[in-house]
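Enquirer: Structure supplied as data-v2.cif; contents: mmCIF, C-alpha atoms.
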data_model
#
loop_
_atom_site.label_atom_id
_atom_site.label_comp_id
_atom_site.auth_asym_id
_atom_site.auth_seq_id
_atom_site.Cartn_x
_atom_site.Cartn_y
_atom_site.Cartn_z
CA PRO A 811 -15.48 -37.66 -62.24
CA VAL A 812 -17.81 -39.04 -59.59
CA ALA A 813 -19.20 -41.77 -61.86
CA GLN A 814 -15.68 -42.99 -62.57
CA GLN A 815 -14.78 -42.96 -58.87
CA ILE A 816 -17.74 -45.19 -58.09
CA SER A 817 -17.17 -47.45 -61.09
CA ASP A 818 -13.55 -47.92 -60.01
CA THR A 819 -14.72 -48.81 -56.51
CA ALA A 820 -17.17 -51.30 -57.99
CA GLN A 821 -14.28 -53.11 -59.66
CA ARG A 822 -12.37 -53.33 -56.37
CA CYS A 823 -15.39 -54.28 -54.27
CA ALA A 824 -17.32 -56.34 -56.82
CA ARG A 825 -18.72 -58.86 -54.32
CA ARG A 826 -19.52 -56.40 -51.55
CA THR A 827 -23.09 -55.25 -50.97
CA ALA A 828 -23.50 -51.70 -52.28
CA LEU A 829 -27.16 -50.94 -51.56
CA VAL A 830 -29.82 -52.26 -49.22
CA SER A 831 -33.42 -51.11 -49.57
CA GLY A 832 -36.21 -53.05 -47.91
CA ASP A 833 -35.63 -56.73 -48.71
CA ARG A 834 -33.53 -56.00 -51.80
CA ARG A 835 -29.73 -56.04 -51.89
CA VAL A 836 -27.49 -55.04 -54.80
CA GLY A 837 -23.78 -55.76 -54.98
CA TYR A 838 -21.19 -53.37 -56.38
CA ARG A 839 -20.71 -55.28 -59.62
CA GLU A 840 -24.46 -55.47 -60.22
CA LEU A 841 -24.85 -51.76 -59.45
CA ASP A 842 -22.11 -50.86 -61.94
CA VAL A 843 -23.78 -52.98 -64.63
CA LEU A 844 -27.21 -51.47 -63.92
CA ALA A 845 -25.82 -47.92 -64.10
CA GLY A 846 -23.85 -48.67 -67.29
CA ARG A 847 -26.80 -50.24 -69.09
CA THR A 848 -29.22 -47.55 -67.94
CA SER A 849 -26.89 -44.80 -69.12
CA HIS A 850 -26.73 -46.46 -72.55
CA VAL A 851 -30.53 -46.33 -72.80
CA LEU A 852 -30.54 -42.69 -71.70
CA ARG A 853 -27.94 -41.83 -74.33
CA ASP A 854 -30.11 -43.48 -76.97
CA ARG A 855 -32.91 -41.15 -75.84
CA GLY A 856 -30.80 -38.09 -76.49
CA ILE A 857 -29.25 -37.46 -73.09
CA GLY A 858 -25.65 -36.28 -73.16
CA PRO A 859 -23.18 -33.97 -71.42
CA GLU A 860 -24.94 -31.18 -69.50
CA SER A 861 -28.43 -32.38 -70.45
CA VAL A 862 -30.63 -31.72 -67.42
CA VAL A 863 -32.35 -34.86 -66.14
CA ALA A 864 -34.84 -34.65 -63.28
CA VAL A 865 -34.73 -37.69 -60.98
CA ALA A 866 -38.14 -37.84 -59.29
CA LEU A 867 -38.17 -41.39 -57.96
CA PRO A 868 -39.11 -42.74 -54.53
CA ARG A 869 -36.19 -43.45 -52.21
CA GLY A 870 -34.73 -46.82 -53.14
CA ILE A 871 -32.33 -48.62 -55.43
CA ASP A 872 -33.90 -47.32 -58.66
CA MET A 873 -33.28 -43.77 -57.46
CA VAL A 874 -29.58 -44.45 -56.97
CA VAL A 875 -29.23 -46.28 -60.30
CA ALA A 876 -30.87 -43.31 -62.05
CA ILE A 877 -28.53 -40.80 -60.42
CA LEU A 878 -25.45 -42.86 -61.34
CA ALA A 879 -26.66 -43.39 -64.91
CA VAL A 880 -27.19 -39.66 -65.43
CA ALA A 881 -23.81 -38.83 -63.89
CA ARG A 882 -22.16 -41.45 -66.10
CA LEU A 883 -23.19 -39.42 -69.17
CA GLY A 884 -21.83 -36.14 -67.86
CA ALA A 885 -25.43 -34.95 -67.68
CA VAL A 886 -26.89 -32.74 -64.93
CA VAL A 887 -28.71 -34.51 -62.09
CA ALA A 888 -31.71 -32.50 -60.87
CA PRO A 889 -33.05 -34.47 -57.87
CA ILE A 890 -36.74 -33.90 -57.17
CA ASP A 891 -38.38 -35.24 -54.01
CA PRO A 892 -41.65 -36.84 -55.22
CA THR A 893 -43.20 -36.30 -51.78
CA TYR A 894 -43.06 -32.52 -52.25
CA PRO A 895 -46.34 -30.66 -52.86
CA SER A 896 -47.34 -30.82 -56.51
CA GLY A 897 -47.06 -27.04 -56.92
CA ARG A 898 -43.44 -27.05 -55.77
CA ILE A 899 -42.56 -29.94 -58.06
CA ARG A 900 -44.25 -28.21 -60.98
CA PHE A 901 -42.32 -24.99 -60.29
CA MET A 902 -38.95 -26.79 -60.20
CA LEU A 903 -39.67 -28.72 -63.38
CA ASP A 904 -40.84 -25.60 -65.20
CA ASP A 905 -37.78 -23.68 -64.05
CA ALA A 906 -35.22 -26.43 -64.74
CA ALA A 907 -36.80 -27.43 -68.08
CA PRO A 908 -35.23 -30.91 -67.98
CA ALA A 909 -34.67 -32.88 -71.15
CA LEU A 910 -36.11 -35.90 -69.34
CA VAL A 911 -38.00 -36.58 -66.12
CA LEU A 912 -37.28 -39.94 -64.53
CA ASP A 913 -40.36 -40.83 -62.50
CA GLU A 914 -41.76 -44.28 -61.67
CA HIS A 915 -43.52 -44.60 -65.04
CA SER A 916 -40.69 -43.45 -67.32
CA PHE A 917 -38.01 -45.27 -65.37
CA ALA A 918 -39.94 -48.55 -65.53
CA GLU A 919 -39.69 -48.36 -69.33
CA ILE A 920 -36.01 -47.46 -69.23
CA ARG A 921 -35.27 -50.24 -66.74
CA ALA A 922 -36.96 -52.77 -69.03
CA ASP A 923 -34.94 -51.57 -72.05
CA ALA A 924 -31.73 -51.69 -70.02
CA VAL A 925 -32.02 -55.44 -69.45
CA THR A 926 -30.68 -56.15 -72.96
CA SER A 927 -28.62 -52.99 -73.39
CA PRO A 928 -24.81 -52.96 -73.46
CA GLU A 929 -22.93 -51.13 -70.73
CA LEU A 930 -21.67 -47.62 -71.29
CA ALA A 931 -18.43 -46.49 -69.65
CA PRO A 932 -18.43 -43.25 -67.63
CA TYR A 933 -17.92 -40.06 -69.62
CA THR A 934 -15.12 -37.73 -68.55
CA ALA A 935 -16.82 -34.36 -68.20
CA HIS A 936 -15.03 -31.02 -68.32
CA PRO A 937 -14.25 -30.01 -64.71
CA GLU A 938 -16.23 -26.78 -65.03
CA SER A 939 -19.27 -28.39 -66.67
CA ALA A 940 -22.54 -28.59 -64.71
CA ALA A 941 -23.04 -31.80 -62.71
CA TYR A 942 -26.09 -31.15 -60.55
CA LEU A 943 -28.95 -28.72 -60.08
CA ILE A 944 -30.29 -28.34 -56.54
CA TYR A 945 -33.12 -26.04 -55.46
CA THR A 946 -33.04 -24.05 -52.24
CA SER A 947 -35.81 -24.59 -49.71
CA GLY A 948 -37.57 -21.38 -50.67
CA SER A 949 -38.05 -20.47 -47.01
CA THR A 950 -37.34 -16.82 -47.80
CA GLY A 951 -39.32 -16.75 -51.04
CA THR A 952 -39.19 -18.61 -54.33
CA PRO A 953 -36.87 -21.66 -54.50
CA LYS A 954 -33.72 -20.91 -56.46
CA GLY A 955 -31.73 -23.35 -58.56
CA VAL A 956 -28.06 -23.77 -57.68
CA VAL A 957 -25.73 -25.43 -60.18
CA GLY A 958 -22.68 -27.38 -59.01
CA THR A 959 -19.73 -28.22 -61.23
CA ALA A 960 -18.27 -31.62 -61.99
CA ALA A 961 -14.99 -30.66 -60.30
CA ALA A 962 -16.68 -29.44 -57.13
CA LEU A 963 -18.77 -32.59 -56.82
CA ALA A 964 -15.83 -34.89 -57.62
CA ASN A 965 -13.67 -33.18 -54.99
CA ARG A 966 -16.42 -33.39 -52.38
CA ILE A 967 -17.01 -37.10 -53.04
CA ALA A 968 -13.31 -37.98 -53.11
CA TRP A 969 -12.80 -36.16 -49.81
CA ALA A 970 -15.84 -37.78 -48.22
CA ALA A 971 -14.79 -41.24 -49.39
CA GLN A 972 -11.39 -40.79 -47.81
CA ARG A 973 -12.57 -39.13 -44.59
CA TRP A 974 -15.84 -40.88 -43.78
CA ASP A 975 -14.92 -44.54 -43.82
CA GLY A 976 -18.10 -46.05 -42.42
CA SER A 977 -18.71 -49.66 -43.40
CA VAL A 978 -22.51 -49.31 -43.35
CA VAL A 979 -23.87 -45.82 -43.99
CA LEU A 980 -27.48 -44.75 -43.53
CA ALA A 981 -28.96 -42.71 -46.40
CA LYS A 982 -31.90 -40.75 -45.02
CA SER A 983 -31.37 -37.12 -46.06
CA ALA A 984 -33.84 -35.63 -48.56
CA ILE A 985 -32.51 -36.25 -52.06
CA ALA A 986 -33.53 -32.75 -53.15
CA PHE A 987 -30.78 -31.30 -50.94
CA ILE A 988 -27.08 -31.73 -51.60
CA ASP A 989 -26.46 -33.81 -48.45
CA GLY A 990 -28.99 -36.34 -49.69
CA THR A 991 -26.95 -36.90 -52.82
CA THR A 992 -23.45 -36.72 -51.36
CA GLU A 993 -24.14 -39.08 -48.44
CA ILE A 994 -24.97 -41.78 -51.01
CA LEU A 995 -22.26 -41.00 -53.58
CA GLY A 996 -19.54 -40.55 -50.96
CA ALA A 997 -20.39 -43.86 -49.31
CA LEU A 998 -20.39 -45.68 -52.66
CA ALA A 999 -17.05 -44.15 -53.63
CA ALA A 1000 -15.67 -45.45 -50.32
CA GLY A 1001 -16.97 -48.97 -50.91
CA ALA A 1002 -19.42 -48.87 -48.01
CA THR A 1003 -22.83 -50.50 -47.88
CA VAL A 1004 -25.60 -47.89 -48.12
CA ALA A 1005 -28.80 -48.68 -46.24
CA ILE A 1006 -31.50 -46.55 -47.87
CA ALA A 1007 -34.37 -45.34 -45.73
CA ASP A 1008 -37.62 -45.20 -47.69
CA ASP A 1009 -39.72 -42.04 -47.86
CA ALA A 1010 -41.74 -42.87 -44.73
CA SER A 1011 -38.83 -44.06 -42.58
CA ALA A 1012 -36.63 -41.08 -43.46
CA ARG A 1013 -38.93 -38.83 -41.39
CA ASP A 1014 -39.45 -41.15 -38.42
CA ALA A 1015 -36.79 -41.36 -35.68
CA MET A 1016 -38.04 -44.73 -34.40
CA ALA A 1017 -38.13 -46.22 -37.92
CA LEU A 1018 -34.59 -44.93 -38.52
CA ALA A 1019 -33.40 -46.44 -35.24
CA GLU A 1020 -34.85 -49.80 -36.27
CA LEU A 1021 -33.13 -49.52 -39.66
CA ILE A 1022 -29.83 -48.67 -37.95
CA ASP A 1023 -30.16 -51.71 -35.71
CA ARG A 1024 -31.21 -54.08 -38.51
CA HIS A 1025 -28.23 -53.22 -40.72
CA ALA A 1026 -25.67 -52.37 -38.01
CA VAL A 1027 -25.24 -48.86 -39.42
CA ASP A 1028 -22.07 -47.24 -38.12
CA GLN A 1029 -22.27 -43.80 -39.76
CA ILE A 1030 -25.15 -41.37 -40.08
CA THR A 1031 -25.53 -37.77 -41.25
CA ALA A 1032 -28.37 -35.80 -39.69
CA VAL A 1033 -29.45 -32.38 -38.54
CA PRO A 1034 -28.84 -32.05 -34.77
CA SER A 1035 -32.54 -32.16 -33.87
CA LEU A 1036 -33.02 -35.51 -35.63
CA ALA A 1037 -29.74 -36.86 -34.25
CA ARG A 1038 -30.96 -35.97 -30.77
CA ALA A 1039 -34.31 -37.67 -31.39
CA ILE A 1040 -32.55 -40.87 -32.47
CA ALA A 1041 -30.04 -40.73 -29.62
CA ASP A 1042 -32.91 -40.22 -27.16
CA LEU A 1043 -33.97 -43.77 -27.98
CA LEU A 1044 -30.86 -44.97 -26.16
CA PRO A 1045 -31.43 -45.84 -22.49
CA ASP A 1046 -29.29 -43.90 -20.03
CA SER A 1047 -26.27 -46.18 -20.01
CA SER A 1048 -22.63 -45.95 -21.00
CA ALA A 1049 -22.88 -49.42 -22.52
CA ARG A 1050 -24.43 -48.00 -25.72
CA PRO A 1051 -27.21 -50.61 -25.89
CA ALA A 1052 -29.58 -51.21 -28.82
CA PRO A 1053 -31.24 -49.91 -30.91
CA VAL A 1054 -28.48 -47.59 -32.18
CA ALA A 1055 -25.45 -49.14 -30.50
CA SER A 1056 -23.65 -49.70 -33.81
CA ILE A 1057 -23.17 -46.00 -34.62
CA ARG A 1058 -19.56 -44.92 -34.25
CA ARG A 1059 -19.69 -41.64 -36.17
CA TRP A 1060 -22.34 -38.91 -36.17
CA ILE A 1061 -22.03 -36.21 -38.85
CA VAL A 1062 -24.30 -33.31 -37.96
CA SER A 1063 -24.99 -30.25 -40.09
CA GLY A 1064 -27.70 -27.88 -41.22
CA GLU A 1065 -28.60 -26.50 -37.78
CA PRO A 1066 -26.73 -25.12 -34.75
CA LEU A 1067 -25.42 -27.96 -32.58
CA PRO A 1068 -26.32 -27.38 -28.91
CA GLY A 1069 -23.66 -28.37 -26.41
CA SER A 1070 -26.02 -30.76 -24.67
CA THR A 1071 -26.74 -32.59 -27.93
CA ALA A 1072 -23.03 -32.75 -28.78
CA ALA A 1073 -22.32 -34.26 -25.37
CA GLN A 1074 -25.11 -36.80 -25.72
CA LEU A 1075 -23.93 -37.90 -29.18
CA ALA A 1076 -20.30 -38.06 -28.03
CA GLY A 1077 -21.36 -40.37 -25.22
CA ALA A 1078 -22.99 -42.73 -27.71
CA ALA A 1079 -20.30 -42.87 -30.45
CA GLU A 1080 -16.60 -42.71 -31.11
CA GLU A 1081 -16.75 -39.49 -33.10
CA VAL A 1082 -19.05 -36.50 -33.63
CA VAL A 1083 -18.34 -34.24 -36.61
CA ASN A 1084 -20.08 -30.88 -36.81
#
Any chance you could put this one into structure tokens?

Expert:
Amino acid sequence: PVAQQISDTAQRCARRTALVSGDRRVGYRELDVLAGRTSHVLRDRGIGPESVVAVALPRGIDMVVAILAVARLGAVVAPIDPTYPSGRIRFMLDDAAPALVLDEHSFAEIRADAVTSPELAPYTAHPESAAYLIYTSGSTGTPKGVVGTAAALANRIAWAAQRWDGSVVLAKSAIAFIDGTTEILGALAAGATVAIADDASARDAMALAELIDRHAVDQITAVPSLARAIADLLPDSSARPAPVASIRRWIVSGEPLPGSTAAQLAGAAEEVVN
């Protein structure tokens, strides 16, 4: 299971930085403890295998801890972007009917209780049990919920951890879409440091470029249009100067990749994966 993969990595990389968000840093051992204690509190509140838990937290360390704690119980993670219009959020919550909604208020209480809680080891879920619930964009009508299995998610994360070996990975994709979840979980399973863009920075190419430079990010996943916008901040030079000189791998998906964009990215990194 994904939670076990990441917990195992935390044991191997205990002293390495796992998450960076703003001025806060969390190491792998601390992250594993936080997830284990939080999952214990959630279990005491009735959450168990295949319980649906909506994670509606701002982008940051609490969001990741919540996702890991839910996964640790074999429960279903239903990520909700709190910046969405209220009507869309209400529709998804009504449709998913979660057993618990983790927002800033409820998670503050759970975080406080977790301080004195014992750690709970990851639960081994049945491979075909539900692991996550993601809603489509609704661009062609009403958003539709898509359920992913524990086996599918575990295979995706194990593959990503082996294939995408960035040492510092930028997390900027919307958490309500599958790439937003897997870019974080895959990086953690690989033992990388995840630099989390906050809600405002995740939509701003210049802010992302500054984040990339500050943390020497070497791997980023983005739609081609955003990748192009970030790469455009590079001066015309083969020397790959700042602000995004550290990037060695672009992973682009979600849109057609124009040849001109592919060429530009290839000139500013070691590898481009479409």

Enquirer: What's around stretch 885-895 of chain A at 7 Å? Count only C-alpha atoms, leave out sequence neighbours fewer than 3 positions away in its own chain, and write the answer as a PyMOL selection string.

Expert: chain A and resi 858-868+877+880-881+898-899+940-944+985-986

Enquirer: For this structure, which residues satisfy the selection - the PyMOL selection byres ((chain A and resi 934) around 12) - when it is evaluated on the file as given? I want them as a VMD selection string.

Expert: chain A and resid 811 to 815 858 to 860 881 to 885 931 to 933 935 to 939 941 960 to 961 964

Enquirer: Find the residues near A:Gly955: any atom within 9 Å, counting only C-alpha atoms, skip ones fewer than 5 places away on the same chain, and give them as a ChimeraX atom specification.

Expert: /A:902,905-906,943-946

Enquirer: Kindly indicate which residue among A:Ala1007, A:Ala970, A:Ile994, A:Leu903 lies nearest to A:Ile1022, using all atoms listed in the file for the distances.

Expert: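 Distance minimum relative to A:Ile1022 lands on A:Ala1007.
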
Enquirer: Of the candidates A:Ser1070, A:Leu1075, A:Val957, A:Ala1005, which shows the shortest atom-to-atom distance to A:Ala1026, using all atoms listed in the file?

Expert: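 When distances to A:Ala1026 are compared using all atoms listed in the file, the smallest one comes from A:Ala1005.
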
Enquirer: Residues near stretch 1036-1044 of chain A, anyone? I mean within 12 Å using only C-alpha atoms, not counting same-chain ones fewer than 2 positions away, as a ChimeraX atom specification.

Expert: /A:982-983,1012-1023,1029-1034,1046-1057,1059-1065,1067-1079,1082-1084

Enquirer: So what do you get for atom CA of A:Ala999 versus atom CA of A:Arg834, distance-wise?

Expert: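 Atom CA of A:Arg834 lies 20.4 Å from atom CA of A:Ala999.
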
Enquirer: Take atom CA of A:Leu995 and atom CA of A:Thr950 and report the distance between them in Å, one decimal.

Expert: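 Atom-to-atom, atom CA of A:Leu995 and atom CA of A:Thr950 are spaced 29.1 Å apart.
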
Enquirer: To one decimal place in Å, what is the distance between atom CA of A:Ser831 and atom CA of A:Gly990?

Expert: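 Going from atom CA of A:Ser831 over to atom CA of A:Gly990 covers 15.4 Å.
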